[in-house]
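Source file: final16.pdb; contents: PDB, C-alpha atoms.
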ATOM      1  CA  LEU A1070      11.332  22.052 -52.011
ATOM      2  CA  LEU A1071      14.062  19.523 -51.287
ATOM      3  CA  LEU A1072      14.077  20.581 -47.615
ATOM      4  CA  LYS A1073      10.281  20.092 -47.351
ATOM      5  CA  LEU A1074      10.476  16.642 -48.964
ATOM      6  CA  THR A1075      13.260  15.606 -46.592
ATOM      7  CA  ALA A1076      11.237  16.781 -43.581
ATOM      8  CA  LEU A1077       8.138  14.899 -44.786
ATOM      9  CA  SER A1078      10.186  11.774 -45.349
ATOM     10  CA  LEU A1079      11.682  11.928 -41.848
ATOM     11  CA  ALA A1080       8.299  12.588 -40.255
ATOM     12  CA  SER A1081       6.660   9.639 -41.999
ATOM     13  CA  SER A1082       9.501   7.255 -41.219
ATOM     14  CA  SER A1083       9.553   8.271 -37.531
ATOM     15  CA  GLY A1084       5.777   7.733 -37.396
ATOM     16  CA  GLU A1085       6.227   4.294 -38.932
ATOM     17  CA  TYR A1086       8.907   3.564 -36.337
ATOM     18  CA  ALA A1087       6.572   4.572 -33.503
ATOM     19  CA  ILE A1088       3.821   2.338 -34.892
ATOM     20  CA  ALA A1089       6.251  -0.544 -35.348
ATOM     21  CA  GLU A1090       7.552  -0.013 -31.802
ATOM     22  CA  LYS A1091       4.007  -0.186 -30.374
ATOM     23  CA  GLN A1092       3.243  -3.304 -32.398
ATOM     24  CA  ALA A1093       6.473  -4.932 -31.220
ATOM     25  CA  LEU A1094       5.627  -4.167 -27.602
ATOM     26  CA  ARG A1095       2.081  -5.450 -28.013
ATOM     27  CA  GLY A1096       3.391  -8.504 -29.780
ATOM     28  CA  SER A1097       5.904  -9.210 -27.044
ATOM     29  CA  LEU A1098       3.188  -8.953 -24.386
ATOM     30  CA  GLU A1099       0.912 -11.194 -26.422
ATOM     31  CA  SER A1100       3.645 -13.750 -27.061
ATOM     32  CA  ASN A1101       4.654 -13.665 -23.373
ATOM     33  CA  ALA A1102       1.027 -14.095 -22.408
ATOM     34  CA  ALA A1103       0.723 -17.049 -24.772
ATOM     35  CA  GLU A1104       3.812 -18.610 -23.162
ATOM     36  CA  GLY A1105       2.662 -18.076 -19.605
ATOM     37  CA  LYS A1106       0.120 -16.059 -17.693
ATOM     38  CA  SER A1107      -1.817 -13.059 -18.942
ATOM     39  CA  ILE A1108      -1.182  -9.701 -17.333
ATOM     40  CA  ARG A1109      -4.672  -9.899 -15.767
ATOM     41  CA  ARG A1110      -3.838 -13.245 -14.160
ATOM     42  CA  ILE A1111      -0.465 -11.941 -12.955
ATOM     43  CA  CYS A1112      -2.207  -8.964 -11.337
ATOM     44  CA  GLU A1113      -4.735 -11.262  -9.661
ATOM     45  CA  ASP A1114      -1.836 -13.303  -8.263
ATOM     46  CA  GLY A1115      -0.210 -10.120  -6.964
ATOM     47  CA  LYS A1116      -3.438  -8.953  -5.322
ATOM     48  CA  ASN A1117      -3.998 -12.346  -3.712
ATOM     49  CA  ASN A1118      -0.421 -12.406  -2.442
ATOM     50  CA  GLY A1119      -0.609  -8.853  -1.039
ATOM     51  CA  LYS A1120      -3.912  -9.538   0.726
ATOM     52  CA  ARG A1121      -2.659 -12.868   2.099
ATOM     53  CA  GLN A1122       0.502 -11.247   3.509
ATOM     54  CA  VAL A1123      -1.484  -8.518   5.314
ATOM     55  CA  ASP A1124      -3.962 -11.082   6.650
ATOM     56  CA  ARG A1125      -1.106 -13.194   8.059
ATOM     57  CA  MET A1126       0.374 -10.142   9.800
ATOM     58  CA  TRP A1127      -3.055  -9.245  11.175
ATOM     59  CA  GLU A1128      -3.561 -12.784  12.504
ATOM     60  CA  ARG A1129      -0.164 -12.621  14.265
ATOM     61  CA  LEU A1130      -1.415  -9.449  15.984
ATOM     62  CA  ASP A1131      -4.517 -11.398  17.118
ATOM     63  CA  GLU A1132      -6.676  -9.163  14.915
ATOM     64  CA  ASP A1133      -6.607  -6.646  17.746
ATOM     65  CA  CYS A1134      -7.762  -3.199  16.641
ATOM     66  CA  ASN A1135      -5.499  -1.685  19.294
ATOM     67  CA  SER A1136      -2.594  -3.015  17.185
ATOM     68  CA  PHE A1137      -3.760  -1.549  13.873
ATOM     69  CA  GLN A1138      -1.021   1.085  13.810
ATOM     70  CA  ASP A1139       1.578  -1.659  14.309
ATOM     71  CA  LEU A1140       0.048  -3.564  11.400
ATOM     72  CA  GLU A1141       0.064  -0.480   9.208
ATOM     73  CA  TYR A1142       3.724   0.220  10.005
ATOM     74  CA  LYS A1143       4.801  -3.402   9.424
ATOM     75  CA  ALA A1144       2.853  -3.673   6.175
ATOM     76  CA  ASN A1145       4.369  -0.471   4.787
ATOM     77  CA  ASP A1146       7.881  -1.377   5.952
ATOM     78  CA  GLU A1147       8.016  -5.105   5.200
ATOM     79  CA  LEU A1148       5.626  -5.413   2.257
ATOM     80  CA  ILE A1149       5.367  -2.156   0.318
ATOM     81  CA  ASP A1150       8.927  -0.896   0.914
ATOM     82  CA  ASP A1151      10.617  -4.303   0.780
ATOM     83  CA  LEU A1152       8.880  -7.422  -0.536
ATOM     84  CA  PHE A1153       6.740  -5.726  -3.210
ATOM     85  CA  ARG A1154       8.981  -2.714  -3.937
ATOM     86  CA  ASP A1155       9.871  -1.572  -7.445
ATOM     87  CA  LYS A1156      12.866  -3.592  -8.525
ATOM     88  CA  PRO A1157      15.149  -1.884 -11.079
ATOM     89  CA  GLY A1158      15.551  -3.992 -14.185
ATOM     90  CA  ALA A1159      12.594  -6.252 -13.384
ATOM     91  CA  ASN A1160      10.523  -7.529 -16.289
ATOM     92  CA  TRP A1161       6.921  -6.541 -16.861
ATOM     93  CA  ARG A1162       5.601  -9.624 -15.061
ATOM     94  CA  VAL A1163       7.425  -8.803 -11.824
ATOM     95  CA  GLU A1164       6.496  -5.115 -12.098
ATOM     96  CA  SER A1165       2.814  -5.975 -12.618
ATOM     97  CA  LEU A1166       2.775  -8.543  -9.816
ATOM     98  CA  ASN A1167       4.377  -6.136  -7.335
ATOM     99  CA  TRP A1168       2.269  -3.145  -8.346
ATOM    100  CA  CYS A1169      -0.939  -5.136  -7.879
ATOM    101  CA  ALA A1170       0.335  -6.564  -4.578
ATOM    102  CA  ARG A1171       1.050  -3.033  -3.263
ATOM    103  CA  GLU A1172      -2.467  -1.975  -4.258
ATOM    104  CA  ALA A1173      -3.939  -4.977  -2.437
ATOM    105  CA  VAL A1174      -1.908  -4.218   0.701
ATOM    106  CA  GLN A1175      -3.357  -0.687   0.779
ATOM    107  CA  GLU A1176      -6.887  -1.977   0.116
ATOM    108  CA  GLU A1177      -6.610  -4.553   2.901
ATOM    109  CA  LEU A1178      -5.259  -1.981   5.363
ATOM    110  CA  THR A1179      -8.179   0.314   4.508
ATOM    111  CA  ARG A1180     -10.656  -2.553   4.987
ATOM    112  CA  ILE A1181      -9.211  -3.445   8.398
ATOM    113  CA  GLU A1182      -9.098   0.205   9.492
ATOM    114  CA  ASP A1183     -12.759   0.626   8.500
ATOM    115  CA  GLU A1184     -13.628  -2.544  10.419
ATOM    116  CA  CYS A1185     -11.833  -1.268  13.525
ATOM    117  CA  GLY A1186     -13.255   2.224  13.348
ATOM    118  CA  GLU A1187     -11.428   5.499  12.942
ATOM    119  CA  GLY A1188      -8.266   5.741  14.987
ATOM    120  CA  GLY A1189      -7.645   1.993  15.021
ATOM    121  CA  GLY A1190      -9.967   1.163  17.902
ATOM    122  CA  PRO A1191     -13.566   1.273  19.057
ATOM    123  CA  PRO A1192     -14.961   4.363  20.814
ATOM    124  CA  GLU A1193     -14.896   2.539  24.171
ATOM    125  CA  LEU A1194     -11.120   2.301  23.880
ATOM    126  CA  CYS A1195     -10.818   6.068  23.425
ATOM    127  CA  ARG A1196     -12.956   6.699  26.498
ATOM    128  CA  GLU A1197     -10.951   4.170  28.507
ATOM    129  CA  LEU A1198      -7.645   5.766  27.467
ATOM    130  CA  GLY A1199      -8.956   9.231  28.368
ATOM    131  CA  GLU A1200     -10.125   8.088  31.774
ATOM    132  CA  THR A1201      -6.804   6.349  32.453
ATOM    133  CA  ALA A1202      -4.861   9.460  31.450
ATOM    134  CA  ALA A1203      -6.998  11.653  33.734
ATOM    135  CA  GLU A1204      -6.520   9.240  36.641
ATOM    136  CA  GLU A1205      -2.746   9.244  36.135
ATOM    137  CA  ILE A1206      -2.642  13.047  36.035
ATOM    138  CA  VAL A1207      -4.370  13.186  39.415
ATOM    139  CA  LEU A1208      -2.561  10.159  40.890
ATOM    140  CA  PHE A1209       0.947  11.331  39.990
ATOM    141  CA  ASP A1210       0.197  15.027  40.502
ATOM    142  CA  PHE A1211       1.448  16.009  37.040
ATOM    143  CA  CYS A1212      -0.211  19.406  37.160
ATOM    144  CA  PRO A1213       1.139  21.824  39.777
ATOM    145  CA  ARG A1214      -1.453  23.435  41.988
ATOM    146  CA  TYR A1215      -2.274  26.976  41.112
ATOM    147  CA  ASP A1216      -3.096  29.408  43.867
ATOM    148  CA  ASP A1217      -4.592  32.651  42.561
ATOM    149  CA  GLY A1218      -4.613  34.208  46.005
ATOM    150  CA  ALA A1219      -8.402  34.192  46.293
ATOM    151  CA  SER A1220      -9.763  32.996  49.579
ATOM    152  CA  ASP A1221     -12.557  30.493  49.674
TER
END

Would you write the structure of this file as C-alpha cells?
Amino acid sequence: LLLKLTALSLASSSGEYAIAEKQALRGSLESNAAEGKSIRRICEDGKNNGKRQVDRMWERLDEDCNSFQDLEYKANDELIDDLFRDKPGANWRVESLNWCAREAVQEELTRIEDECGEGGGPPELCRELGETAAEEIVLFDFCPRYDDGASD
C-alpha cells in the first residue's frame, strides 16, 4: 500500500511539474511578446527578409532564367546554409526569424522556377541548346565514322 501511495504521489507531482513547465514557457513567450514583437510578426519579418534577399540575388542575375541554377545554388549556399542557418544557443526569436526566412527562400525559388518553366529556361532555349550541340558534334567530328563494310 505504501509503495502504491508513493508511486501515485510521484506521478501527480511530475504531472504538476509538466503543467507548470508548459505554463512557464507560455508565460515567457507571452511576456516576451508583450515586451517586443509577437512570434507571428517575427515570422513575417523573417519571410520578408528571405524573399527580399532572393529577389536581390535574382536582380543581380538580370532575372535571366538561364541563370536560375546559379540563383538556386547561391540562395542555398549563402542564405539557407549561412545567413539564415540554425544557430546553436539562439533564442526563440532568432530561431523563428531564421526558420521563416528559410521557408520564404524556398517559396521564392519555387515561384521563380515556375515562372521560368521547368529546367530553368523556356522551351526555345532547350531547342537552341540541342541544335548547338548537334552542330558542334558535326563541326568538330566528335563521333568517329563507322564503316560496316556495306557498299552503297

query: Once the PyMOL selection byres ((chain A and resi 1166) around 10) has been applied to the shown file, what residues remain in the selection, as a PyMOL selection string?
result: chain A and resi 1108-1119+1153+1161-1165+1167-1171

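With distances restricted to all atoms listed in the file, A:Phe1137 is the closest residue to Asp1183 in chain A from A:Trp1127, A:Phe1209, A:Tyr1142, A:Phe1137.
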
task: Just give me the gap between CA of Leu1152 in chain A and CA of Leu1178 in chain A in Å, one decimal is fine.
output: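 That distance, rounded to one decimal, is 16.3 Å.
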
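Distances to Ile1181 in chain A were evaluated for A:Lys1156, A:Lys1120, A:Arg1129, A:Arg1196 using all atoms listed in the file, and the minimum falls at A:Lys1120.
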
field: Between CA of Ala1203 in chain A and CA of Asp1131 in chain A, distance in Å (one decimal)
entry: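 Calculated distance between CA of Ala1203 in chain A and CA of Asp1131 in chain A is 28.5 Å.
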
field: Interatomic distance (Å, one decimal) between CA of Glu1177 in chain A and CA of Glu1141 in chain A
entry: 10.0 Å
